[in-house]
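*Asks:* After the structure tokens below, expect a handful of questions from me.
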Amino acid sequence: MKKGLLLVSFLFLIKFSFAQIESKIYDIIENVSAKQIEKDIRKLAGFGTRNTFSDTLSETRGIGAARRWIKAEFEQISKNCNHCLEVSYQKDFVTKSMSKRVPKDAWVVNVLAIQKGSKYPNRYVIMSGDIDSRASDTMDFTTDAPGANDNASGMAGTIEAARVLSKYTFENSIIYVGLSGEEQGLFGGAGLAKYAKEQAWDIIGVLNNDMIGNIKGVDGVIDNRSFRIFSEPTNITDTEDQIKRRRYYGGEVDGISRQLARYVHKSVQTYMPEMNPMLIYRLDRFGRGGHHKPFNDLGYAGIRIMEAHENYTQQHQDIRTENGIDYGDTVEHVNFGYAAKLTAVNAINLAQLAWASPPPTEVKIGGIVESSVKLKWKKISDSNIKGYKIYWRSTTSPTWDYSRYVGNVDQFTLKGIVIDNYFFGVSSVSMEGIESPVVFPNAVFK
């Protein structure tokens, strides 16, 4: 009788904890302010140009004034949360010899605000926006380039996420960062990724936000609900042996960045069903790049979140009117409500990833020439893990469509499911019901 009561009490506690987390997630969505994002975008656009090589001494114009303002905003947020953020600069020196897009030697300076986790302070989930802007000629660092959508929108969203999430505590750390040098060769992201590797950061994932405010596409489509999630299919740092094994066991679209993209996709469909997340199976736009790439290059999970319909007359353009078309990335083209929605997308995923327990490791799969699939994994030593969940999907499906919670075990057999017809993965589930990203099997057994 006592055991039964204990089990009922335990299950009630789990359901109550999950309800609390769900309530927090919906509160996060509600607390993202379109008005505050508008204010911050207007402020950033008001610096005239934020070209990486623009004025660094003026208090009102150039990238120097912009990054000092961003740092001050992070510091004010930290003050409001009893100094919960560690605010600093991280910088690297770039020279003309490093790229044809570098007009002069200069410091590329990033602005970081780190919200340390209570249990895993060295595990980080990162949200980034770009500080810099550009005119038609990327070498022109004096002409006005307000960069309202590209990328004051992503930077304002990052600051707003910090304002909202600083009111909560998390087991893992969150980094809110403004990156510089994007337009000249992704220098800011490369510098921070290198720094992360040197500091042995355990990066859960990078959510790179680059242009999250435009709803009127050059294709004539107006859409304030859809957005794209770009992710590369496999890890560029995979070994030759891992690449060869994929020919026999699959995984051509199951790298860690793709799993992060699926995580965001599922989260949005669960908590923001009014939005239409589009999984784009590509590192970035065709032939183009963003600040998640340098992290991918060093083996970290990273994705790009951005609007679905771009308007190229408002990107990388001097402000002018030609043939009745207004060119330039100015504030009047930004939809602040849409930018707030995509900021909320980031915020709820940052929160869930920061609340989640670490995923299982050493996931192995078996079941060759059998009628059942067997999975084994190395359990995580974490008292907050309730158990593990197995996912599977058809080999042509972009998302994890089927799942089964299997409890706090280190192996399980899915009877009657043929291994050849599906792909499989395993995630950890916390006591509050928060899941880790899915881990694709990295070994086989008989």
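In the structure tokens, each chain is lettered A, B, ... as it comes, each chain's residues begin at 1, and ligands are numbered from 1 in order of appearance.
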Going by DSSP on the backbone, which bits of region 41-272 of chain A are alpha helix (DSSP H)? Write them as a ChimeraX atom specification, please.

*Replies:* /A:41-45,63-80,154-165,182-185,187-198,240-249,256-271

*Asks:* Within 7 Å of region 209-233 of chain A, which residues of region 59-175 of chain A show up? Give each one with its shortest atom-to-atom distance in Å (one decimal) and the two atoms involved, counting only C-alpha atoms, rows by chain then rising residue number, as CSV.

*Replies:*
residue,atom,partner,partner_atom,distance
A:Ser128,CA,A:Asn209,CA,5.9
A:Gly129,CA,A:Asn209,CA,5.2
A:Asp130,CA,A:Asp210,CA,6.9
A:Asn149,CA,A:Met211,CA,5.3
A:Asp150,CA,A:Met211,CA,5.1
A:Asn151,CA,A:Met211,CA,5.5
A:Ser153,CA,A:Ile212,CA,5.8
A:Gly154,CA,A:Asn209,CA,5.0

*Asks:* Save the residues we just selected, C-alpha atoms, as a JSON list (two decimals), in the first residue's frame?

*Replies:*
[["chain", "number", "residue", "atom", "x", "y", "z"],
["A", 128, "SER", "CA", 24.01, 35.01, -31.65],
["A", 129, "GLY", "CA", 23.21, 38.09, -33.67],
["A", 130, "ASP", "CA", 25.58, 40.14, -35.83],
["A", 149, "ASN", "CA", 17.10, 43.84, -40.76],
["A", 150, "ASP", "CA", 20.62, 42.62, -41.57],
["A", 151, "ASN", "CA", 21.31, 42.34, -38.80],
["A", 153, "SER", "CA", 16.98, 42.42, -36.02],
["A", 154, "GLY", "CA", 19.05, 39.42, -34.92]]

*Asks:* Which residues are near Gly425 (chain A)? Cut-off 6 Å, only C-alpha atoms, ignore same chain within fewer than 4 positions. Put them as a PDB file with N, CA and C atoms, in the first residue's frame.

*Replies:*
ATOM      1  N   ILE A 390      13.184   6.615 -27.068  1.00  0.00           N
ATOM      2  CA  ILE A 390      13.642   6.172 -28.379  1.00  0.00           C
ATOM      3  C   ILE A 390      12.772   6.817 -29.454  1.00  0.00           C
ATOM      4  N   TYR A 391      13.419   7.352 -30.471  1.00  0.00           N
ATOM      5  CA  TYR A 391      12.715   7.929 -31.617  1.00  0.00           C
ATOM      6  C   TYR A 391      13.035   7.121 -32.863  1.00  0.00           C
ATOM      7  N   VAL A 438      18.055  14.577 -29.891  1.00  0.00           N
ATOM      8  CA  VAL A 438      18.170  13.148 -30.196  1.00  0.00           C
ATOM      9  C   VAL A 438      19.606  12.830 -30.607  1.00  0.00           C
ATOM     10  N   VAL A 439      20.099  11.687 -30.137  1.00  0.00           N
ATOM     11  CA  VAL A 439      21.441  11.231 -30.502  1.00  0.00           C
ATOM     12  C   VAL A 439      21.297  10.061 -31.476  1.00  0.00           C
ATOM     13  N   PHE A 440      21.872  10.215 -32.655  1.00  0.00           N
ATOM     14  CA  PHE A 440      21.865   9.155 -33.663  1.00  0.00           C
ATOM     15  C   PHE A 440      22.890   8.096 -33.282  1.00  0.00           C
TER      16      PHE A 440
END

*Asks:* Please return, as a PyMOL selection string, all residues of region 198-349 of chain A that DSSP assigns to strand (DSSP E) on the basis of the backbone.

*Replies:* chain A and resi 202-209+226-230+276-280+302-307+320-322+325-327

*Asks:* Residues at most 6 Å from region 103-111 of chain A, counting only C-alpha atoms, excluding those fewer than 3 positions away in the same chain, as a list in words?

*Replies:*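 Answer for this query is Tyr89, Gln90, Lys91, Asp92, Phe93, Val94, Thr95, Lys96, Met139, Val177, Gly178, Leu179 and Ser180 of chain A.
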
*Asks:* Generate the output file for the selected residues, N, CA, C and O atoms, as a JSON list (two decimals), in the first residue's frame.

*Replies:*
[["chain", "number", "residue", "atom", "x", "y", "z"],
["A", 89, "TYR", "N", 34.07, 41.57, -23.52],
["A", 89, "TYR", "CA", 34.44, 41.56, -24.93],
["A", 89, "TYR", "C", 35.32, 40.34, -25.21],
["A", 89, "TYR", "O", 36.06, 39.87, -24.34],
["A", 90, "GLN", "N", 35.23, 39.83, -26.42],
["A", 90, "GLN", "CA", 36.17, 38.83, -26.92],
["A", 90, "GLN", "C", 36.60, 39.33, -28.29],
["A", 90, "GLN", "O", 35.77, 39.67, -29.12],
["A", 91, "LYS", "N", 37.90, 39.40, -28.53],
["A", 91, "LYS", "CA", 38.35, 40.04, -29.76],
["A", 91, "LYS", "C", 39.53, 39.31, -30.40],
["A", 91, "LYS", "O", 40.28, 38.58, -29.75],
["A", 92, "ASP", "N", 39.66, 39.53, -31.69],
["A", 92, "ASP", "CA", 40.78, 39.00, -32.48],
["A", 92, "ASP", "C", 41.21, 40.06, -33.48],
["A", 92, "ASP", "O", 40.39, 40.85, -33.97],
["A", 93, "PHE", "N", 42.49, 40.06, -33.78],
["A", 93, "PHE", "CA", 43.05, 41.04, -34.71],
["A", 93, "PHE", "C", 43.05, 40.46, -36.12],
["A", 93, "PHE", "O", 43.50, 39.34, -36.35],
["A", 94, "VAL", "N", 42.47, 41.21, -37.07],
["A", 94, "VAL", "CA", 42.47, 40.77, -38.47],
["A", 94, "VAL", "C", 43.29, 41.75, -39.29],
["A", 94, "VAL", "O", 43.35, 42.95, -39.00],
["A", 95, "THR", "N", 43.91, 41.21, -40.33],
["A", 95, "THR", "CA", 44.78, 42.03, -41.19],
["A", 95, "THR", "C", 44.35, 41.93, -42.64],
["A", 95, "THR", "O", 43.62, 41.01, -43.04],
["A", 96, "LYS", "N", 44.83, 42.85, -43.46],
["A", 96, "LYS", "CA", 44.49, 42.88, -44.87],
["A", 96, "LYS", "C", 44.90, 41.60, -45.58],
["A", 96, "LYS", "O", 44.28, 41.19, -46.56],
["A", 139, "MET", "N", 33.80, 47.01, -48.79],
["A", 139, "MET", "CA", 35.03, 47.70, -48.39],
["A", 139, "MET", "C", 34.76, 49.15, -47.96],
["A", 139, "MET", "O", 35.63, 49.81, -47.43],
["A", 177, "VAL", "N", 25.30, 36.59, -27.55],
["A", 177, "VAL", "CA", 26.50, 37.23, -28.10],
["A", 177, "VAL", "C", 26.20, 38.02, -29.36],
["A", 177, "VAL", "O", 25.41, 37.61, -30.21],
["A", 178, "GLY", "N", 26.84, 39.19, -29.44],
["A", 178, "GLY", "CA", 26.87, 39.97, -30.66],
["A", 178, "GLY", "C", 28.20, 39.72, -31.35],
["A", 178, "GLY", "O", 29.26, 39.95, -30.76],
["A", 179, "LEU", "N", 28.16, 39.22, -32.58],
["A", 179, "LEU", "CA", 29.37, 38.88, -33.32],
["A", 179, "LEU", "C", 29.67, 39.94, -34.37],
["A", 179, "LEU", "O", 28.76, 40.45, -35.02],
["A", 180, "SER", "N", 30.93, 40.23, -34.56],
["A", 180, "SER", "CA", 31.35, 41.23, -35.55],
["A", 180, "SER", "C", 32.04, 40.54, -36.73],
["A", 180, "SER", "O", 32.31, 39.34, -36.70]]

*Asks:* Contacts of Val409 (chain A) at 8 Å or less, counting only C-alpha atoms, minus same-chain residues fewer than 4 places along, as a ChimeraX atom specification?

*Replies:* /A:379,387-388

*Asks:* Could you write those residues out with N, CA and C atoms, as an mmCIF file, in the first residue's frame?

*Replies:*
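The file below, again_23.cif, is the result:
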data_model
loop_
_atom_site.group_PDB
_atom_site.id
_atom_site.type_symbol
_atom_site.label_atom_id
_atom_site.label_comp_id
_atom_site.auth_asym_id
_atom_site.auth_seq_id
_atom_site.Cartn_x
_atom_site.Cartn_y
_atom_site.Cartn_z
ATOM 1 N N LYS A 379 24.273 5.495 -19.968
ATOM 2 C CA LYS A 379 23.432 6.378 -19.170
ATOM 3 C C LYS A 379 24.246 7.544 -18.609
ATOM 4 N N GLY A 387 14.471 9.326 -17.411
ATOM 5 C CA GLY A 387 14.661 8.160 -18.247
ATOM 6 C C GLY A 387 15.061 8.548 -19.656
ATOM 7 N N TYR A 388 14.786 7.635 -20.595
ATOM 8 C CA TYR A 388 15.230 7.826 -21.975
ATOM 9 C C TYR A 388 14.082 7.542 -22.938
#

*Asks:* Select, from A:Ser357, A:Gly287, A:Arg246, A:Glu183, the residue with the minimum atom-to-atom distance to Ile385 (chain A), counting only C-alpha atoms.

*Replies:*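 Nearest candidate to Ile385 (chain A) out of A:Ser357, A:Gly287, A:Arg246, A:Glu183: A:Ser357.
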
*Asks:* Between A:Tyr263, A:Tyr271, A:Tyr338, A:Trp377, which residue has the minimum interatomic distance to Trp400 (chain A), considering only C-alpha atoms?

*Replies:*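 Looking at the shortest contact to Trp400 (chain A), the residue is A:Tyr263.
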
*Asks:* Which one of A:Pro359, A:Ala443, A:Thr343, A:Thr399 sits closest to Leu279 (chain A) if you count only C-alpha atoms?

*Replies:*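 So, comparing all the options, the nearest one is A:Thr399.
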
*Asks:* Considering only C-alpha atoms, can you say which of A:Lys197, A:Arg393, A:Arg282, A:His316 comes closest to Asp137 (chain A)?

*Replies:*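 Between A:Lys197, A:Arg393, A:Arg282, A:His316, the residue approaching Asp137 (chain A) most closely is A:His316.
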
*Asks:* Fewer than 2 positions away in the same chain doesn't count, so skip those; otherwise give me all residues within 12 Å of Lys24 (chain A), counting only C-alpha atoms, as a list of chain:residue names.

*Replies:*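 After dropping sequence-adjacent residues, the list is A:Ser17, A:Phe18, A:Ala19, A:Gln20, A:Ile21, A:Glu22, A:Tyr26, A:Asp27, A:Ile28, A:Ile29, A:Glu30, A:Asn31, A:Val164, A:Leu165, A:Lys167, A:Tyr168, A:Thr169, A:Tyr271, A:Ala347, A:Ile348, A:Ala351, A:Gln352, A:Trp355, A:Glu432.
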
*Asks:* Can you list, as a ChimeraX atom specification, every protein, DNA or RNA residue that comes within 9 Å of Leu414 (chain A) when you count only C-alpha atoms, leaving out same-chain residues fewer than 2 positions away?

*Replies:* /A:372-375,412,416-418
